[in-house]
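Peer 1: The structure under discussion is supplied below as structure tokens; questions concerning it will follow.
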Amino acid sequence: MSEEKAQIEEKVKKASQLLFLRRHRNPGVSEWELKKVLGSDYRAIIKVLNEKLDSLGLTVKEVMHEGKPRFLITIKGKPSFDLEPSLGWMRIDSLAALAMALAFITAHGGRAPPTEVESFLEGKFARSRVRALIEAFLRDGYLEVGKGGAYEVGWRSKAEIDLAELARRIISSEPRSAFSENLSQPS
Amino acid sequence: MSFENIRERILDAYKKIEAGETSPFSWDVRGSAQALREELSPNPDRDELIDDARAVNALSGIVGAQGREIEFMASSSILNPFLLEKAVQNMDLEKLGEALWRSMSPSVDLQQAMTDALIAASTWSPTKKRITWSKHQIKELPKTRVKKEEDFAKKVDEIVEELRQASDHGEVDYVQFIRKGNALERAYLISFAVTDGRVLLDVDPLSGKVTIRPSPRRVRTNVSMVLSLEELLNERRKSSN
């Protein structure tokens with residue numbers, strides 16, 4: 001193995017350790033950390049790592065977090081259908097609450113006042129539970145507070161969730177009523 | 001309407017749009033810009049110019065919000081927001097959760113106790129209820145460098161060999177053994193040797209005494225044990241005095 005190839009292999013190992021081992025509250029690493037450890041050609045190293053991860057059904061994603069690029073490893077595509085829906089501390093009802101919040105914000109053009117989002121969730125959850133869930137979603141980066149105080153889609157939702165797919169799944173599950181028939185058919 | 005009123009209304013509209021209370025498309029940007037231009041006096045003073053600049057900045061913010069909303073709606077392919085909201089209300093929680101689950105690619109990472117975190121955790125006090133993180137303790141991975149696997153394995157080998165010699169086919173008191181050097185590092189290494197099945201760990205149910213001994217054959221095992229923080233801190237104080 002040439003010396004250059006060995007150096008690249010060493011850097012790919014370091015990149016995988018940086019990306020896999022969670023050392024902060026949030027998953028992934030920021031651009032400056034990658035630059036510091038891998039050097040200015042970190043994107044080329046990430047590309048090589050991505051090719052290796054592809055065979056495992058994983059991928060490296062880049063997302064903007066607080067105005068700066070952040071890199072994290074996610075499952076490529078969607079999780080296996082057989083897996084029970086749960087994610088870290090989130091079980092099916094917490095996932096449902098996040099789906100509601102994201103759908104509401106999406107329907108309002110990407111931002112919505114906190115009171116309206118909370119009131120929407122209170123349609124299916126107790127007020128105290130809504131507070132706790134929203135706090136957890138904000139803490140984990142699934143929701144964000146915009147500069148005007150509105151709730152927005154968080155950086156982690158942008159990295160992990162296909163909002164168009166979520167909207168499509170929600171709308172397609174709706175039984176077709178006379179109202180929705182009229183909406184979809186030309187007069 | 002006075003000039004001040006127009007500027008205030010523009011600023012107020014911008015605030016409401018940023019707070020998500022109003023759609024950015026509900027505001028007549030072109031008409032407001034025209035009104036600002038017409039109302040500005042021919043020889044404006046410094047304060048008037050500053051207020052005018054604020055209003056123009058707010059108008060550009062509204063245009064920016066319109067752009068972001070168009071971009072967002074286009075990327076999320078939402079054709080009918082009203083239908084989406086209505087559908088959410090009619091769905092049960094299980095179906096909503098499943099819809100989200102099947103629309104996501106969750107992030108993947110490993111969570112492991114690092115030496116720095118263990119050192120910081122040992123400073124936790126039941127009275128202060130806080131962990132003292134010092135700059136010395138929080139070493140970023142790039143500074144400390146990722147420890148090479150073979151270095152770590154070598155250290156585990158060494159501590160298992162040390163235990164083998166110390167035990168002479170018998171048991172050794174766990175606390176005394178880890179106190180022979182850097183207690184935290186030795187406890188960390190022993191924990192890996194126990195998990196790897198190279199060291200057997202026993203806890204006497206009556207006295208609570210923890211003993212370790214080398215395993216004759218490697219059997220992978222998981223052992224959970226509770227160590228008293230107060231006891232460990234006392235041990236640390238004793239060893240430092």
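Just so we're on the same page: first chain in the structure tokens is A, next is B, and so on; residues restart at 1 for each chain, and ligands are numbered from 1 in the order they show up.
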Compute the set of chain A residues within 7 Å of chain B, using only C-alpha atoms, and express it as an NGL selection string.
Peer 2: :A and (20-22 or 27 or 36-37 or 72-79 or 85 or 92-93 or 95-96 or 99-100 or 103-104 or 107 or 109-113 or 147-150 or 160-167 or 169-171 or 174)
Peer 1: For the residues selected in the previous step, produce a file with N, CA and C atoms as a CSV table (one decimal), in the first residue's frame.
Peer 2:
chain,number,residue,atom,x,y,z
A,20,PHE,N,-19.1,8.5,14.5
A,20,PHE,CA,-19.9,7.5,15.2
A,20,PHE,C,-19.9,7.8,16.7
A,21,LEU,N,-18.8,8.2,17.3
A,21,LEU,CA,-18.8,8.4,18.8
A,21,LEU,C,-19.5,9.7,19.2
A,22,ARG,N,-20.6,9.6,19.9
A,22,ARG,CA,-21.2,10.9,20.3
A,22,ARG,C,-20.5,11.5,21.5
A,27,PRO,N,-26.0,14.6,18.1
A,27,PRO,CA,-25.2,13.7,17.3
A,27,PRO,C,-24.4,14.5,16.2
A,36,LYS,N,-10.1,20.2,11.7
A,36,LYS,CA,-9.0,20.2,12.7
A,36,LYS,C,-8.3,18.8,12.7
A,37,VAL,N,-9.1,17.8,12.6
A,37,VAL,CA,-8.6,16.4,12.7
A,37,VAL,C,-8.1,15.9,11.3
A,72,LEU,N,-23.4,14.3,10.1
A,72,LEU,CA,-23.8,13.2,10.9
A,72,LEU,C,-24.1,12.0,10.1
A,73,ILE,N,-24.0,10.8,10.7
A,73,ILE,CA,-24.3,9.6,10.0
A,73,ILE,C,-25.8,9.2,10.2
A,74,THR,N,-26.5,8.9,9.1
A,74,THR,CA,-27.9,8.5,9.2
A,74,THR,C,-28.1,7.2,8.4
A,75,ILE,N,-29.2,6.5,8.7
A,75,ILE,CA,-29.6,5.4,7.9
A,75,ILE,C,-29.8,5.8,6.5
A,76,LYS,N,-29.4,5.1,5.5
A,76,LYS,CA,-29.7,5.5,4.1
A,76,LYS,C,-31.0,4.9,3.7
A,77,GLY,N,-31.9,5.8,3.3
A,77,GLY,CA,-33.3,5.4,3.0
A,77,GLY,C,-34.1,5.3,4.3
A,78,LYS,N,-35.1,4.5,4.4
A,78,LYS,CA,-35.9,4.4,5.6
A,78,LYS,C,-35.6,3.2,6.4
A,79,PRO,N,-35.9,3.2,7.7
A,79,PRO,CA,-35.6,2.0,8.5
A,79,PRO,C,-36.5,0.8,8.0
A,85,PRO,N,-41.5,1.1,15.6
A,85,PRO,CA,-41.2,2.6,15.6
A,85,PRO,C,-40.8,3.1,17.0
A,92,ILE,N,-43.8,5.5,20.3
A,92,ILE,CA,-44.8,5.8,19.2
A,92,ILE,C,-45.6,7.1,19.4
A,93,ASP,N,-46.0,7.3,20.7
A,93,ASP,CA,-46.8,8.5,20.9
A,93,ASP,C,-46.0,9.8,20.8
A,95,LEU,N,-43.4,10.1,18.9
A,95,LEU,CA,-43.2,10.2,17.4
A,95,LEU,C,-44.4,10.9,16.8
A,96,ALA,N,-45.6,10.5,17.3
A,96,ALA,CA,-46.8,11.0,16.8
A,96,ALA,C,-46.9,12.5,17.1
A,99,ALA,N,-44.7,14.3,14.7
A,99,ALA,CA,-45.3,14.3,13.4
A,99,ALA,C,-46.3,15.4,13.3
A,100,MET,N,-47.1,15.6,14.4
A,100,MET,CA,-48.2,16.6,14.5
A,100,MET,C,-47.5,18.0,14.4
A,103,ALA,N,-46.0,18.6,10.9
A,103,ALA,CA,-47.0,18.8,9.9
A,103,ALA,C,-47.7,20.2,10.1
A,104,PHE,N,-47.9,20.6,11.3
A,104,PHE,CA,-48.6,21.9,11.5
A,104,PHE,C,-47.6,23.0,11.0
A,107,ALA,N,-47.5,23.0,7.3
A,107,ALA,CA,-48.7,23.5,6.7
A,107,ALA,C,-48.8,25.1,6.8
A,109,GLY,N,-46.2,27.0,6.3
A,109,GLY,CA,-45.1,27.6,5.6
A,109,GLY,C,-43.7,27.6,6.2
A,110,GLY,N,-43.5,26.7,7.3
A,110,GLY,CA,-42.2,26.5,7.8
A,110,GLY,C,-42.0,27.2,9.2
A,111,ARG,N,-43.0,28.0,9.6
A,111,ARG,CA,-42.9,28.6,11.0
A,111,ARG,C,-44.3,28.8,11.5
A,112,ALA,N,-44.4,28.7,12.8
A,112,ALA,CA,-45.8,28.9,13.5
A,112,ALA,C,-45.6,29.4,14.9
A,113,PRO,N,-46.5,30.2,15.4
A,113,PRO,CA,-46.3,30.7,16.8
A,113,PRO,C,-46.4,29.6,17.8
A,147,LYS,N,-35.8,33.6,14.9
A,147,LYS,CA,-35.4,34.8,15.6
A,147,LYS,C,-36.7,35.7,16.0
A,148,GLY,N,-37.8,35.4,15.4
A,148,GLY,CA,-39.0,36.1,15.8
A,148,GLY,C,-39.8,35.4,16.9
A,149,GLY,N,-39.2,34.3,17.4
A,149,GLY,CA,-39.9,33.5,18.5
A,149,GLY,C,-40.8,32.4,18.0
A,150,ALA,N,-40.9,32.3,16.6
A,150,ALA,CA,-41.8,31.2,16.1
A,150,ALA,C,-41.1,29.9,16.1
A,160,GLU,N,-32.9,14.3,9.3
A,160,GLU,CA,-33.4,12.9,9.4
A,160,GLU,C,-34.8,12.6,8.8
A,161,ILE,N,-35.6,13.7,8.6
A,161,ILE,CA,-37.0,13.5,8.2
A,161,ILE,C,-37.3,14.1,6.8
A,162,ASP,N,-37.9,13.3,6.0
A,162,ASP,CA,-38.3,13.7,4.7
A,162,ASP,C,-39.7,14.3,4.8
A,163,LEU,N,-39.8,15.6,4.9
A,163,LEU,CA,-41.1,16.3,5.2
A,163,LEU,C,-42.1,16.1,4.1
A,164,ALA,N,-41.7,16.0,2.9
A,164,ALA,CA,-42.6,15.8,1.8
A,164,ALA,C,-43.2,14.4,1.9
A,165,GLU,N,-42.4,13.4,2.3
A,165,GLU,CA,-42.9,12.0,2.4
A,165,GLU,C,-43.9,12.0,3.6
A,166,LEU,N,-43.5,12.7,4.7
A,166,LEU,CA,-44.4,12.7,5.9
A,166,LEU,C,-45.8,13.3,5.5
A,167,ALA,N,-45.8,14.4,4.8
A,167,ALA,CA,-47.0,15.0,4.4
A,167,ALA,C,-47.8,14.1,3.5
A,169,ARG,N,-47.7,10.8,3.3
A,169,ARG,CA,-48.2,9.7,4.1
A,169,ARG,C,-49.5,10.1,4.9
A,170,ILE,N,-49.4,11.3,5.5
A,170,ILE,CA,-50.5,11.8,6.3
A,170,ILE,C,-51.7,12.0,5.4
A,171,ILE,N,-51.5,12.7,4.3
A,171,ILE,CA,-52.7,13.1,3.5
A,171,ILE,C,-53.3,11.8,2.9
A,174,GLU,N,-55.8,9.9,4.9
A,174,GLU,CA,-57.1,10.5,5.2
A,174,GLU,C,-58.1,9.9,4.3
Peer 1: Give me, as a list in words, all polymer residues having an atom no more than 12 Å from Asn5 of chain B, counting only C-alpha atoms and skipping those fewer than 4 positions away in the same chain.
Peer 2: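 After dropping sequence-adjacent residues, the list is Met1, Arg9, Ile10, Leu11, Asp12, Ala13, Ser32, Ala35, Leu36, Glu39, Asp51, Asp52 and Ala55 of chain B.
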Peer 1: Measuring between only C-alpha atoms, which one of B:Val210, B:Ala33, B:Ile159, B:Val175 shows the shortest distance to Ala193 of chain B?
Peer 2: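 Ranking B:Val210, B:Ala33, B:Ile159, B:Val175 by distance to Ala193 of chain B, first place goes to B:Ile159.
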Peer 1: Give me, as a PyMOL selection string, all polymer residues having an atom no more than 9 Å from Arg164 of chain B, counting only C-alpha atoms and skipping those fewer than 5 positions away in the same chain.
Peer 2: chain B and resi 159+169-170+213-214
Peer 1: Just give me the gap between atom CA of Arg156 of chain A and atom CA of Gly39 of chain A in Å, one decimal is fine.
Peer 2: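 The value is 25.5 Å.
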Peer 1: Could you give me, as a CSV table (one decimal) with N, CA and C atoms, in the first residue's frame, each residue of segment 76-171 of chain A that DSSP assigns to helix (DSSP H, G or I) when run on this structure's backbone?
Peer 2:
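File produced: part_28.csv:
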chain,number,residue,atom,x,y,z
A,92,ILE,N,-43.8,5.5,20.3
A,92,ILE,CA,-44.8,5.8,19.2
A,92,ILE,C,-45.6,7.1,19.4
A,93,ASP,N,-46.0,7.3,20.7
A,93,ASP,CA,-46.8,8.5,20.9
A,93,ASP,C,-46.0,9.8,20.8
A,94,SER,N,-44.7,9.7,21.3
A,94,SER,CA,-43.8,10.9,21.1
A,94,SER,C,-43.5,11.2,19.6
A,95,LEU,N,-43.4,10.1,18.9
A,95,LEU,CA,-43.2,10.2,17.4
A,95,LEU,C,-44.4,10.9,16.8
A,96,ALA,N,-45.6,10.5,17.3
A,96,ALA,CA,-46.8,11.0,16.8
A,96,ALA,C,-46.9,12.5,17.1
A,97,ALA,N,-46.5,12.9,18.3
A,97,ALA,CA,-46.5,14.3,18.6
A,97,ALA,C,-45.5,15.1,17.8
A,98,LEU,N,-44.4,14.6,17.5
A,98,LEU,CA,-43.4,15.2,16.6
A,98,LEU,C,-44.0,15.4,15.2
A,99,ALA,N,-44.7,14.3,14.7
A,99,ALA,CA,-45.3,14.3,13.4
A,99,ALA,C,-46.3,15.4,13.3
A,100,MET,N,-47.1,15.6,14.4
A,100,MET,CA,-48.2,16.6,14.5
A,100,MET,C,-47.5,18.0,14.4
A,101,ALA,N,-46.5,18.2,15.2
A,101,ALA,CA,-45.8,19.5,15.3
A,101,ALA,C,-45.2,19.9,13.9
A,102,LEU,N,-44.5,18.9,13.3
A,102,LEU,CA,-43.9,19.2,12.0
A,102,LEU,C,-44.9,19.4,10.9
A,103,ALA,N,-46.0,18.6,10.9
A,103,ALA,CA,-47.0,18.8,9.9
A,103,ALA,C,-47.7,20.2,10.1
A,104,PHE,N,-47.9,20.6,11.3
A,104,PHE,CA,-48.6,21.9,11.5
A,104,PHE,C,-47.6,23.0,11.0
A,105,ILE,N,-46.4,22.9,11.4
A,105,ILE,CA,-45.4,24.0,11.0
A,105,ILE,C,-45.3,24.0,9.5
A,106,THR,N,-45.2,22.8,8.9
A,106,THR,CA,-45.1,22.7,7.4
A,106,THR,C,-46.3,23.3,6.7
A,107,ALA,N,-47.5,23.0,7.3
A,107,ALA,CA,-48.7,23.5,6.7
A,107,ALA,C,-48.8,25.1,6.8
A,114,PRO,N,-45.6,29.6,18.8
A,114,PRO,CA,-45.6,28.5,19.8
A,114,PRO,C,-47.0,28.2,20.4
A,115,THR,N,-47.8,29.3,20.7
A,115,THR,CA,-49.1,29.0,21.3
A,115,THR,C,-50.0,28.2,20.3
A,116,GLU,N,-49.9,28.4,19.0
A,116,GLU,CA,-50.7,27.7,18.0
A,116,GLU,C,-50.2,26.3,17.9
A,117,VAL,N,-48.9,26.1,17.9
A,117,VAL,CA,-48.4,24.7,17.8
A,117,VAL,C,-48.8,23.9,19.1
A,118,GLU,N,-48.7,24.5,20.2
A,118,GLU,CA,-49.0,23.8,21.5
A,118,GLU,C,-50.5,23.5,21.5
A,119,SER,N,-51.3,24.5,21.1
A,119,SER,CA,-52.8,24.3,21.1
A,119,SER,C,-53.2,23.2,20.2
A,120,PHE,N,-52.5,23.1,19.0
A,120,PHE,CA,-52.8,22.0,18.1
A,120,PHE,C,-52.5,20.6,18.7
A,121,LEU,N,-51.4,20.6,19.4
A,121,LEU,CA,-51.0,19.3,20.0
A,121,LEU,C,-51.9,18.9,21.2
A,127,ARG,N,-52.0,19.0,28.4
A,127,ARG,CA,-51.2,20.2,28.3
A,127,ARG,C,-49.8,20.0,28.9
A,128,SER,N,-49.8,19.4,30.0
A,128,SER,CA,-48.5,19.2,30.7
A,128,SER,C,-47.5,18.3,29.8
A,129,ARG,N,-48.1,17.3,29.2
A,129,ARG,CA,-47.4,16.4,28.3
A,129,ARG,C,-46.9,17.2,27.1
A,130,VAL,N,-47.7,18.1,26.5
A,130,VAL,CA,-47.3,18.9,25.4
A,130,VAL,C,-46.1,19.7,25.7
A,131,ARG,N,-46.1,20.3,26.9
A,131,ARG,CA,-45.0,21.2,27.3
A,131,ARG,C,-43.7,20.4,27.3
A,132,ALA,N,-43.8,19.2,28.0
A,132,ALA,CA,-42.6,18.3,28.1
A,132,ALA,C,-42.1,17.9,26.8
A,133,LEU,N,-43.0,17.5,25.9
A,133,LEU,CA,-42.6,17.0,24.6
A,133,LEU,C,-42.0,18.1,23.7
A,134,ILE,N,-42.6,19.3,23.8
A,134,ILE,CA,-42.0,20.4,23.0
A,134,ILE,C,-40.6,20.7,23.5
A,135,GLU,N,-40.4,20.8,24.8
A,135,GLU,CA,-39.1,21.1,25.4
A,135,GLU,C,-38.1,20.0,24.9
A,136,ALA,N,-38.5,18.8,24.9
A,136,ALA,CA,-37.6,17.7,24.5
A,136,ALA,C,-37.3,17.8,23.0
A,137,PHE,N,-38.3,18.2,22.2
A,137,PHE,CA,-38.0,18.3,20.7
A,137,PHE,C,-37.1,19.5,20.5
A,138,LEU,N,-37.2,20.6,21.2
A,138,LEU,CA,-36.3,21.7,21.1
A,138,LEU,C,-34.9,21.4,21.5
A,139,ARG,N,-34.8,20.6,22.6
A,139,ARG,CA,-33.5,20.3,23.2
A,139,ARG,C,-32.8,19.4,22.2
A,155,TRP,N,-32.9,21.6,12.9
A,155,TRP,CA,-31.8,21.1,12.0
A,155,TRP,C,-31.8,19.6,11.9
A,156,ARG,N,-32.2,18.9,13.0
A,156,ARG,CA,-32.1,17.5,13.1
A,156,ARG,C,-33.3,16.9,12.3
A,157,SER,N,-34.4,17.6,12.3
A,157,SER,CA,-35.6,17.1,11.4
A,157,SER,C,-35.2,17.2,10.0
A,158,LYS,N,-34.4,18.3,9.6
A,158,LYS,CA,-34.0,18.5,8.2
A,158,LYS,C,-33.1,17.4,7.8
A,159,ALA,N,-32.3,16.9,8.8
A,159,ALA,CA,-31.3,15.9,8.4
A,159,ALA,C,-32.0,14.5,8.4
A,160,GLU,N,-32.9,14.3,9.3
A,160,GLU,CA,-33.4,12.9,9.4
A,160,GLU,C,-34.8,12.6,8.8
A,163,LEU,N,-39.8,15.6,4.9
A,163,LEU,CA,-41.1,16.3,5.2
A,163,LEU,C,-42.1,16.1,4.1
A,164,ALA,N,-41.7,16.0,2.9
A,164,ALA,CA,-42.6,15.8,1.8
A,164,ALA,C,-43.2,14.4,1.9
A,165,GLU,N,-42.4,13.4,2.3
A,165,GLU,CA,-42.9,12.0,2.4
A,165,GLU,C,-43.9,12.0,3.6
A,166,LEU,N,-43.5,12.7,4.7
A,166,LEU,CA,-44.4,12.7,5.9
A,166,LEU,C,-45.8,13.3,5.5
A,167,ALA,N,-45.8,14.4,4.8
A,167,ALA,CA,-47.0,15.0,4.4
A,167,ALA,C,-47.8,14.1,3.5
A,168,ARG,N,-47.1,13.4,2.5
A,168,ARG,CA,-47.8,12.5,1.6
A,168,ARG,C,-48.4,11.4,2.3
A,169,ARG,N,-47.7,10.8,3.3
A,169,ARG,CA,-48.2,9.7,4.1
A,169,ARG,C,-49.5,10.1,4.9
A,170,ILE,N,-49.4,11.3,5.5
A,170,ILE,CA,-50.5,11.8,6.3
A,170,ILE,C,-51.7,12.0,5.4
A,171,ILE,N,-51.5,12.7,4.3
A,171,ILE,CA,-52.7,13.1,3.5
A,171,ILE,C,-53.3,11.8,2.9
Peer 1: Please measure the separation of atom CA of Leu184 of chain B and atom CA of Val172 of chain B, giving the value in Å to one decimal.
Peer 2: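 Between atom CA of Leu184 of chain B and atom CA of Val172 of chain B the gap is 17.4 Å.
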Peer 1: Might you pull out every residue within 10 Å of segment 42-47 of chain A, with only C-alpha atoms counted and same-chain residues fewer than 5 positions away left off, and present them as number ranges by chain?
Peer 2: A: 8-16, 19, 31-37, 52-53, 59-61, 71
Peer 1: One decimal, in Å: what's the spacing between atom CA of Val63 of chain A and atom CA of Gly28 of chain A?
Peer 2: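 Separation of atom CA of Val63 of chain A and atom CA of Gly28 of chain A: 9.9 Å.
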Peer 1: Tell me, which residues of segment 44-174 of chain A carry DSSP strand (DSSP E or B), written as number ranges by chain?
Peer 2: A: 58-65, 68-75, 87, 90, 111-112, 143-145, 151-153, 161
